[in-house]
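*Asks:* As input, take target_34.txt (compact mmCIF, C-alpha atoms):
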```txt
# COMPACT_ATOMS: atom_id res chain seq x y z
CA MET A 292 40.28 -17.25 47.37
CA LYS A 293 39.44 -18.84 44.07
CA LYS A 294 36.49 -20.61 45.70
CA MET A 295 35.14 -17.24 46.83
CA THR A 296 35.49 -15.60 43.40
CA HIS A 297 33.46 -18.24 41.57
CA PRO A 298 30.15 -17.84 43.47
CA PHE A 299 30.62 -14.07 43.47
CA THR A 300 30.97 -14.10 39.68
CA ILE A 301 27.82 -16.18 39.40
CA PHE A 302 26.01 -13.76 41.70
CA LEU A 303 27.15 -10.76 39.67
CA THR A 304 26.18 -12.42 36.38
CA SER A 305 22.75 -13.29 37.77
CA LEU A 306 22.32 -9.73 38.94
CA VAL A 307 23.18 -8.32 35.52
CA VAL A 308 20.94 -10.80 33.66
CA SER A 309 18.00 -10.19 35.96
CA SER A 310 18.48 -6.43 35.68
CA VAL A 311 18.46 -6.64 31.89
CA LEU A 312 15.37 -8.85 31.92
CA SER A 313 13.61 -6.61 34.40
CA PHE A 314 14.47 -3.52 32.38
CA GLY A 315 13.13 -5.19 29.25
CA VAL A 316 9.83 -5.96 30.92
CA VAL A 317 9.50 -2.59 32.58
CA SER A 318 10.32 -0.68 29.37
CA GLY A 319 8.16 -2.91 27.11
CA GLU A 320 6.46 -0.73 24.49
CA ILE A 321 2.71 -0.31 24.05
CA TYR A 322 1.19 0.56 20.70
CA ASP A 323 -2.08 1.71 19.24
CA ASN A 324 -2.76 0.14 15.85
CA MET A 325 -4.74 1.93 13.17
CA PRO A 326 -5.49 -0.51 10.31
CA LEU A 327 -5.65 0.73 6.72
CA VAL A 328 -7.27 -1.98 4.63
CA SER A 329 -7.87 -1.93 0.88
CA SER A 330 -9.18 -4.07 -1.90
CA VAL A 331 -7.47 -3.31 -5.21
CA GLY A 332 -9.09 -4.41 -8.47
CA VAL A 333 -8.61 -4.11 -12.22
CA MET A 334 -10.72 -1.62 -14.17
CA VAL A 335 -11.81 -1.74 -17.79
CA PRO A 336 -9.93 1.12 -19.49
CA TYR A 337 -12.36 3.78 -20.68
CA VAL A 338 -9.65 5.65 -22.56
CA VAL A 339 -7.96 3.46 -25.18
CA LEU A 340 -5.07 3.88 -27.60
CA GLN A 341 -5.52 2.92 -31.25
CA GLU A 342 -3.32 2.94 -34.29
CA GLY A 343 -3.44 6.25 -36.14
CA ALA A 344 -3.85 6.88 -39.85
CA ASP A 345 -0.07 7.28 -40.28
CA ASN A 346 0.39 3.55 -39.44
CA VAL A 347 3.46 4.15 -37.32
CA SER A 348 2.29 2.80 -33.97
CA ILE A 349 2.13 -0.54 -32.17
CA ILE A 350 -0.63 -0.88 -29.58
CA PHE A 351 0.03 -3.27 -26.71
CA THR A 352 -2.36 -5.53 -24.79
CA ASN A 353 -5.45 -3.83 -23.38
CA GLN A 354 -4.80 -0.68 -25.45
CA THR A 355 -3.21 1.17 -22.55
CA SER A 356 0.34 1.45 -23.86
CA ALA A 357 1.94 1.99 -27.25
CA MET A 358 5.13 2.53 -29.22
CA ILE A 359 5.36 5.07 -32.05
CA THR A 360 8.21 4.59 -34.52
CA LEU A 361 9.09 7.43 -36.89
CA ASN A 362 11.78 7.92 -39.46
CA ALA A 363 13.61 11.20 -38.94
CA THR A 364 15.34 12.73 -41.95
CA LEU A 365 17.21 15.90 -42.73
CA THR A 366 13.98 17.23 -44.21
CA SER A 367 11.43 18.52 -41.70
CA THR A 368 8.39 16.20 -41.66
CA THR A 369 5.04 16.30 -39.83
CA TYR A 370 3.07 13.17 -38.84
CA SER A 371 -0.39 14.36 -37.78
CA TYR A 372 -2.02 11.03 -36.89
CA THR A 373 0.59 8.88 -35.20
CA LEU A 374 -1.74 7.59 -32.47
CA ASN A 375 -5.47 7.81 -31.74
CA ILE A 376 -6.73 8.39 -28.20
CA THR A 377 -10.40 7.51 -27.73
CA ASN A 378 -12.53 8.47 -24.74
CA ASN A 379 -15.22 5.82 -24.29
CA SER A 380 -16.79 7.59 -21.30
CA ALA A 381 -19.44 10.31 -21.35
CA ASN A 382 -17.32 12.77 -19.39
CA PRO A 383 -14.81 15.29 -20.76
CA LEU A 384 -11.26 14.54 -19.61
CA ASN A 385 -8.09 16.59 -19.47
CA LEU A 386 -5.12 14.90 -21.17
CA THR A 387 -1.45 15.84 -21.04
CA LEU A 388 1.82 14.25 -22.13
CA GLN A 389 4.47 14.02 -19.42
CA ILE A 390 8.14 13.21 -20.03
CA LYS A 391 9.45 10.12 -18.27
CA SER A 392 12.92 9.77 -19.84
CA GLY A 393 14.83 10.01 -23.11
CA THR A 394 18.07 9.01 -24.82
CA ASN A 395 20.09 10.65 -27.62
CA LEU A 396 17.66 13.55 -27.79
CA ASP A 397 20.31 15.77 -29.39
CA LYS A 398 19.91 13.82 -32.63
CA ILE A 399 16.51 15.29 -33.47
CA ASN A 400 14.28 18.34 -33.17
CA ALA A 401 10.50 17.94 -32.99
CA THR A 402 7.28 19.20 -31.45
CA ILE A 403 4.66 16.78 -30.08
CA THR A 404 1.06 17.95 -29.84
CA LEU A 405 -2.44 16.71 -29.02
CA HIS A 406 -5.17 17.76 -31.47
CA ASN A 407 -8.64 16.94 -32.67
CA GLY A 408 -8.29 18.25 -36.22
CA THR A 409 -9.35 21.79 -35.36
CA HIS A 410 -7.76 22.55 -32.01
CA THR A 411 -4.14 21.85 -31.01
CA GLU A 412 -2.20 21.99 -27.73
CA THR A 413 1.58 21.66 -27.78
CA GLN A 414 2.77 19.10 -25.24
CA ILE A 415 6.51 18.46 -25.70
CA GLU A 416 9.35 20.28 -27.45
CA ILE A 417 12.54 18.42 -28.34
CA SER A 418 15.37 20.81 -29.12
CA GLY A 419 19.03 21.34 -28.29
CA GLY A 420 19.45 17.86 -26.82
CA SER A 421 16.64 18.04 -24.28
CA ALA A 422 12.88 17.69 -24.08
CA SER A 423 10.51 19.99 -22.21
CA GLU A 424 6.81 19.63 -21.46
CA THR A 425 4.25 22.43 -21.47
CA ASP A 426 1.84 20.78 -19.01
CA VAL A 427 -1.10 22.40 -20.84
CA PRO A 428 -4.04 19.98 -20.87
CA PHE A 429 -6.08 19.13 -23.93
CA THR A 430 -9.73 18.48 -23.12
CA ILE A 431 -11.13 15.46 -24.89
CA GLN A 432 -14.93 15.40 -25.00
CA GLY A 433 -16.97 12.35 -24.08
CA TYR A 434 -17.16 9.60 -26.72
CA SER A 435 -14.62 11.25 -28.99
CA THR A 436 -11.13 10.70 -30.41
CA ILE A 437 -8.08 12.94 -30.51
CA TYR A 438 -4.65 12.40 -32.03
CA ILE A 439 -0.96 12.66 -31.26
CA GLU A 440 0.97 14.68 -33.82
CA VAL A 441 4.73 14.87 -34.27
CA ARG A 442 5.43 18.14 -36.00
CA ASN A 443 8.57 19.39 -37.74
CA LEU A 444 10.59 16.25 -37.06
CA VAL A 445 14.12 16.74 -38.30
CA GLU A 446 17.25 14.69 -37.88
CA ASN A 447 20.38 16.53 -36.70
CA TYR A 448 22.60 13.48 -37.17
CA ALA A 449 22.08 9.73 -37.57
CA GLY A 450 21.15 7.45 -34.70
CA THR A 451 18.20 6.05 -32.77
CA VAL A 452 16.39 8.27 -30.29
CA TYR A 453 13.99 7.13 -27.58
CA LEU A 454 11.54 9.36 -25.72
CA HIS A 455 9.43 7.71 -23.01
CA VAL A 456 6.35 9.66 -21.96
CA TYR A 457 3.14 9.17 -20.01
CA LEU A 458 -0.29 10.06 -21.28
CA LYS A 459 -1.83 11.56 -18.15
CA ILE A 460 -5.60 11.24 -17.95
CA ASP A 461 -7.17 13.46 -15.29
CA GLU A 462 -10.36 11.81 -14.18
CA TYR A 463 -13.57 13.78 -14.16
CA ASN A 464 -14.15 15.97 -11.09
CA VAL A 465 -11.61 14.20 -8.84
CA SER A 466 -7.86 14.42 -8.27
CA THR A 467 -7.43 10.81 -9.36
CA TYR A 468 -5.50 10.31 -12.60
CA ILE A 469 -4.22 7.54 -14.85
CA LEU A 470 -0.86 7.21 -16.61
CA TYR A 471 -0.40 5.26 -19.87
CA PRO A 472 3.20 4.64 -21.01
CA ILE A 473 3.95 5.66 -24.60
CA THR A 474 7.37 5.33 -26.25
CA PHE A 475 8.53 7.36 -29.24
CA LYS A 476 11.29 5.76 -31.25
CA PHE A 477 12.98 7.97 -33.84
CA THR A 478 15.23 6.18 -36.31
CA MET B 5 -23.33 -67.70 75.37
CA GLU B 6 -20.42 -65.51 76.40
CA VAL B 7 -18.31 -66.98 73.68
CA LYS B 8 -21.10 -66.34 71.21
CA ASN B 9 -21.31 -62.66 72.25
CA LYS B 10 -17.57 -62.31 72.03
CA MET B 11 -17.62 -63.65 68.51
CA LYS B 12 -20.42 -61.30 67.58
CA LYS B 13 -18.50 -58.32 69.00
CA ASN B 14 -15.38 -59.32 67.09
CA GLY B 15 -17.45 -59.50 63.89
CA ASN B 16 -18.80 -55.96 64.41
CA TRP B 17 -15.34 -54.58 65.03
CA LYS B 18 -14.09 -56.20 61.89
CA LYS B 19 -16.96 -54.67 59.89
CA ALA B 20 -16.40 -51.25 61.43
CA THR B 21 -12.69 -51.42 60.77
CA LYS B 22 -13.35 -52.38 57.14
CA ILE B 23 -15.74 -49.42 56.71
CA VAL B 24 -13.26 -47.00 58.28
CA VAL B 25 -10.47 -48.27 56.01
CA LEU B 26 -12.79 -47.95 53.05
CA LEU B 27 -13.73 -44.40 53.97
CA ILE B 28 -10.11 -43.36 54.48
CA SER B 29 -9.19 -44.95 51.13
CA SER B 30 -12.00 -43.06 49.43
CA LEU B 31 -10.80 -39.85 51.00
CA PHE B 32 -7.25 -40.48 49.75
CA ILE B 33 -8.51 -41.26 46.24
CA GLY B 34 -10.68 -38.16 46.28
CA VAL B 35 -7.81 -35.96 47.37
CA ALA B 36 -5.41 -37.55 44.94
CA SER B 37 -7.71 -37.08 41.93
CA ALA B 38 -8.80 -33.54 42.73
CA ALA B 39 -7.11 -30.70 40.86
CA LEU B 40 -5.36 -28.23 43.07
CA TYR B 41 -5.05 -24.57 42.23
CA ASP B 42 -3.12 -21.58 43.36
CA TYR B 43 -4.80 -18.30 42.61
CA MET B 44 -2.80 -15.22 41.51
CA TYR B 45 -4.91 -12.16 41.11
CA LEU B 46 -4.36 -9.66 38.22
CA GLU B 47 -6.64 -6.70 38.42
CA ALA B 48 -6.89 -4.03 35.74
CA SER B 49 -8.90 -0.93 35.28
CA VAL B 50 -9.50 -0.56 31.52
CA GLY B 51 -10.51 2.90 30.32
CA VAL B 52 -11.08 4.52 26.95
CA GLU B 53 -7.89 6.08 25.67
CA GLY B 54 -7.92 9.43 23.96
CA ILE B 55 -5.74 8.66 20.90
CA THR B 56 -4.89 11.85 19.08
CA LEU B 57 -4.60 10.34 15.57
CA GLU B 58 -7.63 9.66 13.44
CA TRP B 59 -8.43 8.68 9.86
CA ILE B 60 -10.43 11.22 7.89
CA ASN B 61 -11.69 11.31 4.30
CA GLY B 62 -9.46 12.84 1.62
CA THR B 63 -10.71 14.60 -1.50
CA ASP B 64 -10.74 11.29 -3.42
CA ALA B 65 -12.67 9.44 -0.72
CA ASP B 66 -15.74 8.95 -2.90
CA SER B 67 -13.89 7.43 -5.87
CA ALA B 68 -11.72 5.30 -3.55
CA GLY B 69 -14.75 4.10 -1.57
CA THR B 70 -13.21 5.19 1.74
CA GLN B 71 -15.02 3.98 4.84
CA ILE B 72 -13.87 4.86 8.36
CA GLN B 73 -15.02 3.00 11.44
CA GLY B 74 -13.25 3.78 14.68
CA LEU B 75 -9.52 3.38 14.15
CA THR B 76 -9.94 1.42 10.90
CA ALA B 77 -10.02 2.94 7.42
CA THR B 78 -11.08 0.75 4.51
CA LEU B 79 -10.59 1.67 0.85
CA THR B 80 -13.21 -0.43 -0.90
CA ASN B 81 -12.96 0.75 -4.49
CA LEU B 82 -9.33 1.11 -5.58
CA LYS B 83 -8.88 0.03 -9.20
CA GLY B 84 -6.25 0.41 -11.88
CA PRO B 85 -6.03 -0.34 -15.61
CA PRO B 86 -3.91 -3.21 -16.91
CA ASN B 87 -0.47 -2.00 -18.02
CA GLY B 88 -1.17 1.51 -16.81
CA THR B 89 -0.95 3.30 -13.48
CA ARG B 90 -3.84 4.83 -11.61
CA ILE B 91 -3.05 7.39 -8.94
CA TYR B 92 -5.46 8.17 -6.11
CA SER B 93 -3.92 11.39 -4.81
CA ASP B 94 -6.00 11.79 -1.68
CA PRO B 95 -8.21 8.83 -0.72
CA VAL B 96 -7.61 8.99 3.04
CA ARG B 97 -5.77 11.22 5.51
CA LEU B 98 -4.19 10.76 8.91
CA ASN B 99 -5.13 13.67 11.17
CA ASN B 100 -3.31 14.62 14.37
CA THR B 101 -5.83 16.31 16.65
CA GLY B 102 -3.38 16.51 19.56
CA THR B 103 -1.20 19.30 20.83
CA THR B 104 2.07 17.42 20.29
CA SER B 105 3.68 15.73 17.31
CA VAL B 106 3.34 11.95 17.05
CA THR B 107 5.90 9.49 15.71
CA PHE B 108 4.56 6.36 14.04
CA ASP B 109 5.40 3.42 11.78
CA VAL B 110 3.51 2.11 8.75
CA ILE B 111 3.53 -1.69 8.69
CA ILE B 112 2.70 -3.90 5.69
CA GLU B 113 0.80 -6.72 7.32
CA ASP B 114 -0.44 -8.62 4.29
CA VAL B 115 -0.70 -8.51 0.49
CA SER B 116 -2.72 -11.40 -0.91
CA GLY B 117 -4.81 -12.38 -3.93
CA SER B 118 -3.80 -12.04 -7.60
CA THR B 119 -0.29 -10.85 -6.79
CA ASP B 120 1.07 -12.69 -9.86
CA GLN B 121 -0.77 -10.10 -11.99
CA LEU B 122 0.23 -7.14 -9.86
CA ASP B 123 3.14 -5.01 -11.02
CA SER B 124 3.33 -2.57 -8.11
CA ILE B 125 1.50 -0.69 -5.40
CA ILE B 126 3.24 2.35 -3.95
CA VAL B 127 1.81 4.55 -1.21
CA ARG B 128 3.36 8.01 -1.08
CA ILE B 129 2.73 10.03 2.06
CA TYR B 130 2.56 13.83 1.94
CA ASN B 131 1.97 16.49 4.57
CA VAL B 132 -1.09 18.45 3.43
CA ASN B 133 -0.33 21.47 5.65
CA SER B 134 3.26 21.99 4.53
CA SER B 135 2.83 20.44 1.04
CA SER B 136 5.91 18.36 1.72
CA TRP B 137 6.82 14.73 1.05
CA VAL B 138 6.99 12.50 4.13
CA GLY B 139 7.85 9.04 2.80
CA ASN B 140 7.24 6.30 0.22
CA LEU B 141 5.89 2.88 1.16
CA THR B 142 6.48 0.25 -1.53
CA VAL B 143 3.68 -2.15 -0.72
CA TRP B 144 4.42 -4.48 -3.64
CA SER B 145 7.13 -4.43 -6.31
CA ASN B 146 9.20 -6.97 -8.27
CA GLY B 147 6.97 -9.84 -7.15
CA ALA B 148 7.41 -9.28 -3.42
CA LYS B 149 6.10 -7.35 -0.46
CA GLY B 150 8.05 -4.20 0.35
CA SER B 151 9.52 -2.94 3.61
CA ASP B 152 7.82 -1.13 6.47
CA LEU B 153 8.25 2.62 6.97
CA THR B 154 9.40 3.56 10.45
CA GLY B 155 9.94 6.72 12.44
CA LEU B 156 7.55 9.01 10.55
CA THR B 157 6.31 12.14 12.30
CA ILE B 158 3.04 14.03 12.08
CA PRO B 159 3.12 17.47 13.72
CA SER B 160 0.31 18.71 15.94
CA GLY B 161 -2.75 19.82 13.97
CA ASN B 162 -1.37 18.47 10.69
CA GLN B 163 -2.84 16.06 8.15
CA LEU B 164 -1.00 13.49 6.04
CA ARG B 165 -2.50 12.26 2.80
CA PHE B 166 -1.81 8.71 1.65
CA GLN B 167 -1.47 8.68 -2.16
CA TRP B 168 -2.00 5.23 -3.72
CA GLU B 169 -0.36 4.33 -7.05
CA ILE B 170 -1.58 1.07 -8.58
CA THR B 171 0.01 -0.64 -11.58
CA TRP B 172 -1.27 -3.95 -12.91
CA LYS B 173 0.54 -6.11 -15.45
CA ALA B 174 -0.67 -6.12 -19.08
CA THR B 175 -2.13 -9.61 -18.58
CA ALA B 176 -4.37 -8.61 -15.65
CA SER B 177 -8.13 -8.92 -16.10
CA THR B 178 -11.15 -7.61 -14.23
CA SER B 179 -11.40 -10.89 -12.30
CA ASP B 180 -8.07 -10.13 -10.60
CA SER B 181 -7.83 -8.36 -7.27
CA VAL B 182 -5.52 -8.09 -4.30
CA SER B 183 -6.18 -7.38 -0.66
CA VAL B 184 -3.77 -5.09 1.16
CA GLN B 185 -3.60 -4.74 4.91
CA LEU B 186 -1.48 -1.94 6.32
CA LYS B 187 -1.37 -0.64 9.84
CA VAL B 188 -0.24 2.58 11.40
CA LYS B 189 1.56 1.65 14.59
CA VAL B 190 1.58 4.43 17.17
CA PRO B 191 3.63 4.06 20.37
CA VAL B 192 1.62 5.01 23.44
CA SER B 193 3.63 7.45 25.51
```
In structure tokens, what does this structure look like?

*Replies:*
Amino acid sequence: MKKMTHPFTIFLTSLVVSSVLSFGVVSGEIYDNMPLVSSVGVMVPYVVLQEGADNVSIIFTNQTSAMITLNATLTSTTYSYTLNITNNSANPLNLTLQIKSGTNLDKINATITLHNGTHTETQIEISGGSASETDVPFTIQGYSTIYIEVRNLVENYAGTVYLHVYLKIDEYNVSTYILYPITFKFT
Amino acid sequence: MEVKNKMKKNGNWKKATKIVVLLISSLFIGVASAALYDYMYLEASVGVEGITLEWINGTDADSAGTQIQGLTATLTNLKGPPNGTRIYSDPVRLNNTGTTSVTFDVIIEDVSGSTDQLDSIIVRIYNVNSSSWVGNLTVWSNGAKGSDLTGLTIPSGNQLRFQWEITWKATASTSDSVSVQLKVKVPVS
């Protein structure tokens, strides 16, 4: 009886294995492939960040990111030229400031704007422990400079505050845009 | 005389035998050194398949340098600033011209070139018709290639836009570039 079981087991095993193999072959999948190929390069920035007249900013390599450090006090203070933004192209561009993140925002109140000396667009309000953006673009003309202003900065209580934002540069006549990281540090 | 003839006959037989042996040997050698084949026939009728997905230009096709040839889309002019992020919202779209929805995968085949200067490349996929998010493909991040996206669906008559977000490191220069090869893998039903 044992001698009969052994070959039968082998037969059954073979049957199962061959069935699995056959099923695998029969159900083998067929695909269409649609390649999406790209070459990605580095561009020369045509909008650059520069230190403003208030001398409160650090500009990092390639002038595409910056940190602005301001001293907040109990007395309301306005810094009108914290950072310069220069458009080195001939085309007008829409610029906005977008909030990325922030810490300890309840320690200060302030308004951040973009302006060119005569026209101003409010970008970010910091109040009541949170920051909100207006998403109203400021149009910078070709070959010109505008400025970031921090208006009515007041300290609610002591401590260091960070606000990380992006300068969003809408490119001319397309839906392509560029983001530059800018950090505000309030001490 | 008879003996002489007998000897002559014997000599001829010997020669003939030698020739026959030689011929048979040659035949054996020939057979032994010839390659033998079995033929198994595989016949196929290959037609042109009517795939329902196609690449089409997005609204940023000009600035991205989008070129479409057959099933291949090539973005020839993607660029980003060092230490900043450039977003091409709509360089190329996947269009489903069929009457049924199609499920597909997006495979990252290769990322090569100046990857040491590359911070990240992220491709976000959105449905243009429903204005909804479909999926994010991290092509490159933290010094390594990302993972494939599988099981995405494009409904009948819908278009998906592939938004490219490119971030170079601060030390990148205009001599740096990377080549990215993705592929949309569509199971044939």

*Asks:* Quick check: residues of chain A within 7 Å of chain B, all atoms listed in the file, returned as a CSV table (one decimal) with C-alpha atoms, in the coordinates of the input.

*Replies:*
```csv
chain,number,residue,atom,x,y,z
A,320,GLU,CA,6.5,-0.7,24.5
A,321,ILE,CA,2.7,-0.3,24.0
A,322,TYR,CA,1.2,0.6,20.7
A,323,ASP,CA,-2.1,1.7,19.2
A,324,ASN,CA,-2.8,0.1,15.8
A,325,MET,CA,-4.7,1.9,13.2
A,326,PRO,CA,-5.5,-0.5,10.3
A,327,LEU,CA,-5.6,0.7,6.7
A,328,VAL,CA,-7.3,-2.0,4.6
A,329,SER,CA,-7.9,-1.9,0.9
A,330,SER,CA,-9.2,-4.1,-1.9
A,331,VAL,CA,-7.5,-3.3,-5.2
A,332,GLY,CA,-9.1,-4.4,-8.5
A,333,VAL,CA,-8.6,-4.1,-12.2
A,334,MET,CA,-10.7,-1.6,-14.2
A,335,VAL,CA,-11.8,-1.7,-17.8
A,336,PRO,CA,-9.9,1.1,-19.5
A,352,THR,CA,-2.4,-5.5,-24.8
A,353,ASN,CA,-5.4,-3.8,-23.4
A,355,THR,CA,-3.2,1.2,-22.6
A,356,SER,CA,0.3,1.4,-23.9
A,465,VAL,CA,-11.6,14.2,-8.8
A,466,SER,CA,-7.9,14.4,-8.3
A,467,THR,CA,-7.4,10.8,-9.4
A,468,TYR,CA,-5.5,10.3,-12.6
A,469,ILE,CA,-4.2,7.5,-14.8
A,470,LEU,CA,-0.9,7.2,-16.6
A,471,TYR,CA,-0.4,5.3,-19.9
A,472,PRO,CA,3.2,4.6,-21.0
```

*Asks:* Write out as a PyMOL selection string each polymer residue whose atoms come within 7 Å of A:Asn443, counting all atoms listed in the file; drop sequence neighbours fewer than 3 positions from it.

*Replies:* chain A and resi 367-369+401-402

*Asks:* Those residues you just picked out, can you put them in a file as a tab-separated table (two decimals), keeping the file's coordinate frame with C-alpha atoms?

*Replies:*
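As a result, result.tsv now contains:
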```
chain	number	residue	atom	x	y	z
A	367	SER	CA	11.43	18.52	-41.70
A	368	THR	CA	8.39	16.20	-41.66
A	369	THR	CA	5.04	16.30	-39.83
A	401	ALA	CA	10.50	17.94	-32.99
A	402	THR	CA	7.28	19.20	-31.45
```

*Asks:* In Å to one decimal, how far is atom CA of A:Ser392 from atom CA of A:Val339?

*Replies:* 22.5 Å

*Asks:* Quick one: distance from atom CA of B:Thr103 to atom CA of B:Leu164 in Å, one decimal?

*Replies:*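 Rounded to one decimal, the two atoms are 15.9 Å apart.
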
*Asks:* Which residues, written as JSON, numbers by chain, have at least one atom at most 8 Å from A:Leu396, with all atoms listed in the file counted and residues fewer than 2 positions away on the same chain left out?

*Replies:* {"A": [393, 394, 398, 399, 400, 417, 418, 419, 420, 421, 422, 452, 453, 454]}

*Asks:* Taking (-0.7, 22.3, -15.7) in the file's coordinates, which residues come within 12 Å, counting only C-alpha atoms, written as a PyMOL selection string?

*Replies:* chain A and resi 385-389+414+424-429+459+461

*Asks:* In Å, how far is it from atom CA of A:Val347 to atom CA of A:Tyr372?

*Replies:*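 These atoms are spaced 8.8 Å apart.
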